[in-house]
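Student: What follows is a structure written as structure tokens; I'll ask about it next.
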Amino acid sequence: MTRNYQETMRIDSKEDIHSRIVQELRQQLNSTGHHGRHTTILQIAVCGSSGKGIASDQSDFDVKVLLLHPQKDYLLQKVKESWHSSFTFEYKEELEQRQDERDDDNVTTSTTTMIEVDVMFIDYLRMVKYIAKSDMTAYEMFAGDIIHTSPEAKALEEVWKQAYLPGVLAGQYSGLLNSYLKKPRTKKKLQQDLPAARSNKIAFEAVYLELKIRFIEKHGASEIPPFKAFELIQRSDITKEEREWTEDLLKVRREQKNRHFDSKHNEKFDSFVRPGTDGKIKIVWDDADPMDRERIRQQLESLFLDVVTERQYKNII
């Protein structure tokens with residue numbers, strides 16, 4: 001179910017954003033009747049470009065929130081598995097400029113910036129399903145930029161690491177990569193189809209996904225790929241030239257995301273980003289052991305019962 005809330009809030013600086021996100025999300029839960037006052041935020045992860053460390057000044061924030069509802073809501077089947085909301089940050093940035101080198105007086109100018117925050121609330125049991133499937137949503141929740149967490153979320157993260165299936169994540173990333181490569185790149189001009197340039201944003205997203213897939217190919221289940229783009233580049237098994245090229249692309253993605261991707265790099269891009277799914281995952285992934293998956297399922301169920309019972313006890317006393 002999707003629920004939309006539109007609110008605007010004022011902050012003084014970018015440094016306040018994370019703390020104010022947490023504050024605003026708590027206020028939204030308290031002001032929404034069907035949640036009740038005992039609904040608990042277990043974890044908040046910043047995903048999207050901000051979580052990856054590739055955001056420009058105008059980038060939105062994509063946030064995932066893990067919730068635990070009161071025990072009675074689960075018993076009465078009143079819990080919504082997930083829903084969305086959004087709100088907007090407005091902040092003023094003041095800059096001092098000297099009008100004349102001979103004049104000691106500076107002129108202060110200010111600019112107002114609006115940043116939208118898109119939120120996905122996810123109930124604990126819904127996250128359990130994502131973990132059991134090794135879905136990309138669970139990866140984003142536990143590998144993203146964590147700005148609030150709890151012991152309950154940490155315990156769930158440990159089970160997620162055990163349940164991690166690299167082939168599933170690689171398959172999802174491969175599908176996303178293909179969608180980026182298939183985006184229309186032609187435009188009509190004088191009755192001819194001419195290639196349209198990629199934006200820096202699309203180009204880097206494709207490179208980022210390619211790096212994720214290569215990381216999974218190399219490490220399998222032994223290591224989970226980093227979420228931060230710069231860390232992913234540094235830990236990837238690529239040449240020095242490829243590393244320098246991807247770091248340069250990361251820089252222009254941050255500074256000029258909507259600009260056309262420099263055509264002089266097309267050859268490097270086409271040789272680095274492998275199109276199609278055939279042969280992309282070179283490692284032969286073994287099918288998940290049914291006994292192991294059943295053990296994880298039971299572990300997740302047991303953990304949920306322990307967490308919801310303990311929270312109920314704390315709320316009573």
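Labels used: A, B, ... for chains in the order of the structure tokens, numbers from 1 for residues in each chain, and numbers from 1 for ligands as shown.
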Mind checking DSSP for segment 38-247 of chain A and telling me the strand (DSSP E or B) residues as number ranges by chain?
Tutor: A: 40-47, 61-68, 82-98, 106-123, 145-148, 186-189, 192-195, 199
Student: Excluding Ala55 of chain A and residues on its chain fewer than 2 positions from it, collect all residues at most 10 Å away from it, counting only C-alpha atoms, and give them as a PyMOL selection string.
Tutor: chain A and resi 48-53+57-61+201+250+253-255+257
Student: Extract, using only C-alpha atoms, all DNA, RNA and protein residues at most 10 Å from Glu247 of chain A, discarding same-chain residues fewer than 3 positions from it, and format them as an MDAnalysis selection string.
Tutor: chainID A and resid 204 229:230 233:234 241:244 250:253
Student: Selected residues, N, CA and C atoms, written as a PDB file, in the first residue's frame, please.
Tutor:
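Okay, this is what ended up in again-v2.pdb:
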```
ATOM      1  N   PHE A 204      27.424   6.844 -15.608  1.00  0.00           N
ATOM      2  CA  PHE A 204      28.048   6.351 -14.376  1.00  0.00           C
ATOM      3  C   PHE A 204      27.203   5.252 -13.728  1.00  0.00           C
ATOM      4  N   ALA A 229      30.233   4.244  -3.963  1.00  0.00           N
ATOM      5  CA  ALA A 229      30.836   4.140  -5.290  1.00  0.00           C
ATOM      6  C   ALA A 229      32.361   4.216  -5.230  1.00  0.00           C
ATOM      7  N   PHE A 230      32.910   5.157  -4.468  1.00  0.00           N
ATOM      8  CA  PHE A 230      34.359   5.307  -4.435  1.00  0.00           C
ATOM      9  C   PHE A 230      35.020   4.066  -3.850  1.00  0.00           C
ATOM     10  N   ILE A 233      35.004   1.306  -6.435  1.00  0.00           N
ATOM     11  CA  ILE A 233      36.042   1.509  -7.449  1.00  0.00           C
ATOM     12  C   ILE A 233      37.402   1.070  -6.911  1.00  0.00           C
ATOM     13  N   GLN A 234      37.709   1.477  -5.672  1.00  0.00           N
ATOM     14  CA  GLN A 234      39.014   1.158  -5.098  1.00  0.00           C
ATOM     15  C   GLN A 234      39.211  -0.336  -4.873  1.00  0.00           C
ATOM     16  N   GLU A 241      44.360   2.277 -15.445  1.00  0.00           N
ATOM     17  CA  GLU A 241      43.711   3.178 -16.397  1.00  0.00           C
ATOM     18  C   GLU A 241      42.202   3.178 -16.213  1.00  0.00           C
ATOM     19  N   GLU A 242      41.612   2.001 -15.991  1.00  0.00           N
ATOM     20  CA  GLU A 242      40.170   1.907 -15.777  1.00  0.00           C
ATOM     21  C   GLU A 242      39.768   2.591 -14.476  1.00  0.00           C
ATOM     22  N   ARG A 243      40.607   2.460 -13.457  1.00  0.00           N
ATOM     23  CA  ARG A 243      40.299   3.114 -12.173  1.00  0.00           C
ATOM     24  C   ARG A 243      40.320   4.635 -12.320  1.00  0.00           C
ATOM     25  N   GLU A 244      41.319   5.150 -12.994  1.00  0.00           N
ATOM     26  CA  GLU A 244      41.400   6.594 -13.196  1.00  0.00           C
ATOM     27  C   GLU A 244      40.219   7.096 -14.021  1.00  0.00           C
ATOM     28  N   LEU A 250      33.100   9.574 -12.090  1.00  0.00           N
ATOM     29  CA  LEU A 250      32.422   9.836 -10.816  1.00  0.00           C
ATOM     30  C   LEU A 250      32.423  11.331 -10.512  1.00  0.00           C
ATOM     31  N   LYS A 251      33.533  11.990 -10.765  1.00  0.00           N
ATOM     32  CA  LYS A 251      33.636  13.428 -10.491  1.00  0.00           C
ATOM     33  C   LYS A 251      32.665  14.224 -11.345  1.00  0.00           C
ATOM     34  N   VAL A 252      32.610  13.937 -12.660  1.00  0.00           N
ATOM     35  CA  VAL A 252      31.701  14.694 -13.519  1.00  0.00           C
ATOM     36  C   VAL A 252      30.252  14.331 -13.243  1.00  0.00           C
ATOM     37  N   ARG A 253      30.013  13.112 -12.760  1.00  0.00           N
ATOM     38  CA  ARG A 253      28.635  12.721 -12.381  1.00  0.00           C
ATOM     39  C   ARG A 253      28.155  13.601 -11.223  1.00  0.00           C
TER      40      ARG A 253
END
```
Student: What does the distance between atom CA of Lys161 of chain A and atom CA of Met127 of chain A come to in Å, to one decimal place?
Tutor: 13.4 Å
Student: Please return, as a PyMOL selection string, all residues of segment 45-286 of chain A that DSSP assigns to alpha helix (DSSP H) on the basis of the backbone.
Tutor: chain A and resi 48-52+71-75+124-133+136-143+151-163+166-181+200-219+229-235+240-255+266-272
Student: A:Phe87, A:Leu25, A:Phe142, A:Thr309: which is nearest Leu75 of chain A, counting only C-alpha atoms?
Tutor: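 Checking each of A:Phe87, A:Leu25, A:Phe142, A:Thr309 against Leu75 of chain A, counting only C-alpha atoms, the winner is A:Thr309.
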Student: Skipping near chain neighbours, those fewer than 5 positions away, what residues fall within 10 Å of Arg26 of chain A using only C-alpha atoms, listed as a PyMOL selection string?
Tutor: chain A and resi 20-21+31+39-41
Student: When distances are computed from only C-alpha atoms, which of A:Glu158, A:Glu81, A:Asp16, A:Glu210 shows the smallest separation from Asp237 of chain A?
Tutor: A:Glu210
Student: Measuring between only C-alpha atoms, which one of A:Ser199, A:Pro275, A:Val117, A:Thr137 shows the shortest distance to Ser179 of chain A?
Tutor: A:Pro275
Student: Interatomic distance between atom CA of Lys129 of chain A and atom CA of Ser150 of chain A?
Tutor: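 We find that atom CA of Lys129 of chain A and atom CA of Ser150 of chain A lie 19.7 Å from each other.
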